[in-house]
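Next comes target28.cif, with mmCIF, C-alpha atoms.
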```cif
data_target
#
loop_
_atom_site.label_atom_id
_atom_site.label_comp_id
_atom_site.auth_asym_id
_atom_site.auth_seq_id
_atom_site.Cartn_x
_atom_site.Cartn_y
_atom_site.Cartn_z
CA MET A 1 94.17 166.88 146.95
CA LEU A 2 91.16 164.68 147.56
CA THR A 3 91.66 161.02 148.28
CA ARG A 4 88.99 158.40 148.02
CA THR A 5 88.94 156.41 151.23
CA ALA A 6 86.31 153.85 150.30
CA ASP A 7 84.53 152.68 147.19
CA ALA A 8 80.92 153.75 146.90
CA THR A 9 78.59 150.79 147.13
CA GLY A 10 75.33 152.55 146.35
CA PRO A 11 73.93 153.91 143.12
CA GLY A 12 76.25 156.14 141.15
CA THR A 13 75.75 159.74 140.20
CA GLY A 14 74.80 158.79 136.63
CA LEU A 15 71.96 156.56 137.80
CA LEU A 16 70.66 159.14 140.26
CA ALA A 17 70.76 161.82 137.55
CA SER A 18 68.72 159.57 135.23
CA LEU A 19 65.85 159.20 137.71
CA GLY A 20 62.55 160.99 137.70
CA ALA A 21 60.68 161.37 140.99
CA TRP A 22 57.02 162.11 141.62
CA THR A 23 55.32 162.55 145.00
CA TRP A 24 51.69 162.72 146.06
CA PRO A 25 49.54 162.21 149.16
CA GLY A 26 47.23 159.22 149.01
CA THR A 27 45.71 156.38 150.96
CA THR A 28 46.63 152.78 151.69
CA PRO A 29 44.25 149.91 150.87
CA ASP A 30 42.93 150.11 154.45
CA GLY A 31 42.17 153.84 154.11
CA GLN A 32 45.15 155.29 156.01
CA GLN A 33 46.81 158.45 154.69
CA VAL A 34 50.31 157.89 153.28
CA ALA A 35 52.87 159.84 151.29
CA HIS A 36 53.68 158.16 147.95
CA LEU A 37 57.00 158.42 146.09
CA LEU A 38 57.46 157.06 142.56
CA LEU A 39 60.95 156.60 141.12
CA ALA A 40 61.36 155.77 137.44
CA HIS A 41 64.17 156.05 134.93
CA ARG A 42 63.71 158.89 132.50
CA LEU A 43 63.19 158.00 128.85
CA GLY A 44 66.40 156.87 127.18
CA ARG A 45 68.61 159.64 125.90
CA THR A 46 71.38 157.53 124.37
CA SER A 47 71.73 154.21 122.57
CA HIS A 48 72.91 152.73 125.89
CA ASP A 49 69.45 153.39 127.39
CA THR A 50 67.80 150.25 126.05
CA PRO A 51 64.80 148.81 127.92
CA ASP A 52 67.01 145.96 129.23
CA ALA A 53 69.70 148.37 130.42
CA ILE A 54 67.13 150.60 132.14
CA GLU A 55 65.55 147.61 133.89
CA ALA A 56 68.99 146.41 135.05
CA ARG A 57 69.76 149.86 136.51
CA MET A 58 66.42 149.99 138.30
CA ARG A 59 66.90 146.48 139.73
CA HIS A 60 70.36 147.54 140.93
CA LEU A 61 68.73 150.53 142.62
CA ALA A 62 66.18 148.21 144.28
CA GLN A 63 69.01 146.01 145.57
CA SER A 64 70.91 149.02 146.91
CA LEU A 65 67.79 149.90 148.89
CA GLY A 66 67.88 146.48 150.55
CA GLY A 67 65.45 144.79 148.19
CA LEU A 68 61.91 145.75 147.32
CA ALA A 69 58.76 143.63 147.07
CA GLN A 70 56.35 142.70 144.31
CA ALA A 71 52.77 143.94 144.72
CA GLU A 72 51.54 140.67 146.25
CA ASP A 73 54.33 140.48 148.87
CA PRO A 74 54.60 142.20 152.26
CA VAL A 75 56.09 145.66 151.80
CA PRO A 76 59.51 145.98 153.46
CA ASP A 77 61.22 148.99 154.98
CA THR A 78 64.06 150.06 152.69
CA LEU A 79 67.50 151.39 153.48
CA GLY A 80 66.50 154.67 151.81
CA THR A 81 66.22 157.64 154.15
CA LEU A 82 63.96 160.66 153.71
CA VAL A 83 65.54 163.84 155.01
CA ALA A 84 64.01 167.31 155.19
CA VAL A 85 66.40 170.03 154.04
CA GLY A 86 64.67 173.33 154.65
CA SER A 87 61.48 173.26 152.57
CA ARG A 88 62.84 170.44 150.36
CA SER A 89 62.98 166.69 150.81
CA LEU A 90 65.87 164.41 149.92
CA LEU A 91 66.01 160.65 149.45
CA LYS A 92 69.38 159.32 150.55
CA PHE A 93 70.65 155.94 149.36
CA PRO A 94 73.00 153.77 151.41
CA GLY A 95 76.55 153.88 150.11
CA ALA A 96 75.86 156.77 147.72
CA ARG A 97 77.63 160.07 147.93
CA TRP A 98 74.59 162.00 146.66
CA GLY A 99 70.88 161.93 147.33
CA LEU A 100 67.88 162.67 145.15
CA THR A 101 65.96 165.91 145.63
CA LEU A 102 62.25 165.19 145.61
CA PRO A 103 59.37 167.32 144.41
CA ALA A 104 57.33 167.77 147.55
CA HIS A 105 54.06 169.55 148.19
CA PRO A 106 53.53 170.69 151.82
CA GLN A 107 50.75 168.09 152.31
CA TRP A 108 53.15 165.30 151.21
CA THR A 109 55.89 166.63 153.46
CA GLN A 110 53.47 166.80 156.40
CA LEU A 111 52.45 163.15 155.88
CA VAL A 112 56.12 162.11 155.88
CA HIS A 113 56.69 164.13 159.05
CA ASP A 114 53.59 162.73 160.79
CA HIS A 115 54.11 159.08 159.84
CA GLY A 116 57.89 158.95 159.45
CA ARG A 117 57.73 157.20 156.10
CA ALA A 118 56.62 157.25 152.47
CA ALA A 119 55.45 154.39 150.28
CA LEU A 120 58.25 153.99 147.73
CA ILE A 121 57.20 152.72 144.30
CA LEU A 122 60.00 151.85 141.88
CA GLY A 123 59.08 151.47 138.22
CA LEU A 124 61.15 149.12 136.07
CA ASP A 125 60.12 150.87 132.85
CA PRO A 126 61.03 154.43 131.84
CA LEU A 127 58.67 157.36 132.30
CA ALA A 128 58.95 160.83 130.79
CA GLN A 129 60.06 163.45 133.32
CA TRP A 130 57.19 165.70 132.23
CA ALA A 131 54.51 163.07 132.98
CA ASP A 132 51.41 164.61 134.57
CA ALA A 133 48.94 162.93 136.94
CA PRO A 134 46.87 161.15 134.25
CA ARG A 135 50.03 159.79 132.59
CA ILE A 136 51.39 158.66 135.95
CA ASP A 137 48.09 156.90 136.75
CA ALA A 138 48.20 155.14 133.35
CA TYR A 139 51.87 154.19 133.92
CA LEU A 140 51.11 152.77 137.36
CA ASP A 141 48.05 150.83 136.15
CA ALA A 142 49.93 149.29 133.21
CA ALA A 143 53.10 148.56 135.19
CA LEU A 144 51.13 147.00 138.06
CA ALA A 145 49.21 144.74 135.66
CA ARG A 146 52.51 143.53 134.15
CA GLY A 147 54.37 143.12 137.48
CA ARG A 148 56.76 145.98 136.64
CA LEU A 149 56.58 147.83 139.97
CA LEU A 150 58.53 147.18 143.17
CA PHE A 151 57.48 148.48 146.59
CA GLY A 152 58.99 149.45 149.93
CA PHE A 153 58.85 152.13 152.59
CA ALA A 154 61.45 154.88 152.84
CA ARG A 155 61.73 156.20 156.39
CA THR A 156 62.85 159.37 158.08
CA PRO A 157 65.92 159.07 160.34
CA ARG A 158 65.17 157.61 163.73
CA THR A 159 65.85 159.90 166.65
CA ALA A 160 66.86 158.77 170.09
#
```

For this file, produce the structure as structure tokens.
Amino acid sequence: MLTRTADATGPGTGLLASLGAWTWPGTTPDGQQVAHLLLAHRLGRTSHDTPDAIEARMRHLAQSLGGLAQAEDPVPDTLGTLVAVGSRSLLKFPGARWGLTLPAHPQWTQLVHDHGRAALILGLDPLAQWADAPRIDAYLDAALARGRLLFGFARTPRTA
């Protein structure tokens, strides 16, 4: 028999299952190479997935990561941890039993390995799981203009 020893404080399985994740290599405003990671809620599948409910879930996720910044603020390190599992990457959330498997191209994975972090972008509005690069660019442009993106850095585990 399994016994729960502590309540989970991080995002629940339902929230993690509702997330879409996109990764790509890119550059920072000062021209440095950086791995990018976008998290957005998938389009609503039930009547409970209203825009307000989706935004509340995404803001809860941002809080569980230790708080994320608006575009004009300094970008903080989050409590999210990027872990390599074989050829796959996983984003682990503090207090959550499960992590989120990330789509990762070898160039993205190499940037995470070399720099020990990825720029985490959290969208407050839903995005279709099947979104391709042009749709993601349009989503990012529109969400940035409306202040609907939050930012942070997810890091790899520190080694002694």

Give one line per residue of range 86-126 of chain A that approaches range 16-40 of chain A to at most 7 Å, naming the two atoms of the closest pair and their distance in Å to one decimal, counting all atoms listed in the file; sort by chain then ascending residue number and deliver it as a tab-separated table.
```
residue	atom	partner	partner_atom	distance
A:Leu100	CA	A:Leu16	CA	6.6
A:Leu102	CA	A:Ala21	CA	6.2
A:Pro103	CA	A:Thr23	CA	6.3
A:Ala104	CA	A:Thr23	CA	6.1
A:Gln107	CA	A:Pro25	CA	6.8
A:Trp108	CA	A:Pro25	CA	5.2
A:Leu111	CA	A:Ala35	CA	5.7
A:Val112	CA	A:Ala35	CA	6.1
A:Ala118	CA	A:Ala35	CA	4.7
A:Ala119	CA	A:His36	CA	4.8
A:Leu120	CA	A:Leu37	CA	4.9
A:Ile121	CA	A:Leu38	CA	4.7
A:Leu122	CA	A:Leu39	CA	4.9
A:Gly123	CA	A:Ala40	CA	4.9
A:Leu124	CA	A:Ala40	CA	6.8
A:Asp125	CA	A:Ala40	CA	6.8
A:Pro126	CA	A:Ala40	CA	5.8
```

Inset, instruction - Give as an NGL selection string each residue that has an atom at most 12 Å from (69.3, 165.5, 154.2) in the file, counting only C-alpha atoms. - result: :A and (80-93 or 97-102 or 156-157)

Inset, instruction - Work out how far CA of Ala133 in chain A is from CA of Asp77 in chain A, in Å to one decimal. - result: 25.9 Å

Legend entry - Separation of CA of Ala142 in chain A from CA of Gln110 in chain A, in Å and rounded to one decimal: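 Answer for the CA of Ala142 in chain A to CA of Gln110 in chain A separation: 29.3 Å.
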
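What separates CA of Gly152 in chain A from CA of Met58 in chain A is a distance of 13.8 Å.
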
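The smallest atom-to-atom distance between Leu43 in chain A and any of A:Asp114, A:Asp141, A:Asp73, A:Glu55, using all atoms listed in the file, is found for A:Glu55.
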
Legend entry - Hits of the PyMOL selection byres ((chain A and resi 62) around 10) in this structure, as a PyMOL selection string: chain A and resi 11+56-61+63-69+78-80+122-124+150-152

Could you write out that same residue set with C-alpha atoms as a compact mmCIF listing (two decimals), in the coordinates of the input?
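Full text of out.txt as output:
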```
# COMPACT_ATOMS: atom_id res chain seq x y z
CA PRO A 11 73.93 153.91 143.12
CA ALA A 56 68.99 146.41 135.05
CA ARG A 57 69.76 149.86 136.51
CA MET A 58 66.42 149.99 138.30
CA ARG A 59 66.90 146.48 139.73
CA HIS A 60 70.36 147.54 140.93
CA LEU A 61 68.73 150.53 142.62
CA GLN A 63 69.01 146.01 145.57
CA SER A 64 70.91 149.02 146.91
CA LEU A 65 67.79 149.90 148.89
CA GLY A 66 67.88 146.48 150.55
CA GLY A 67 65.45 144.79 148.19
CA LEU A 68 61.91 145.75 147.32
CA ALA A 69 58.76 143.63 147.07
CA THR A 78 64.06 150.06 152.69
CA LEU A 79 67.50 151.39 153.48
CA GLY A 80 66.50 154.67 151.81
CA LEU A 122 60.00 151.85 141.88
CA GLY A 123 59.08 151.47 138.22
CA LEU A 124 61.15 149.12 136.07
CA LEU A 150 58.53 147.18 143.17
CA PHE A 151 57.48 148.48 146.59
CA GLY A 152 58.99 149.45 149.93
```

Inset, instruction - Find, counting all atoms listed in the file, the residue in A:Ala154, A:Leu140, A:Ala131, A:Ala96 that gets nearest to Arg117 in chain A. - result: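 Closest to Arg117 in chain A, using all atoms listed in the file: A:Ala154.
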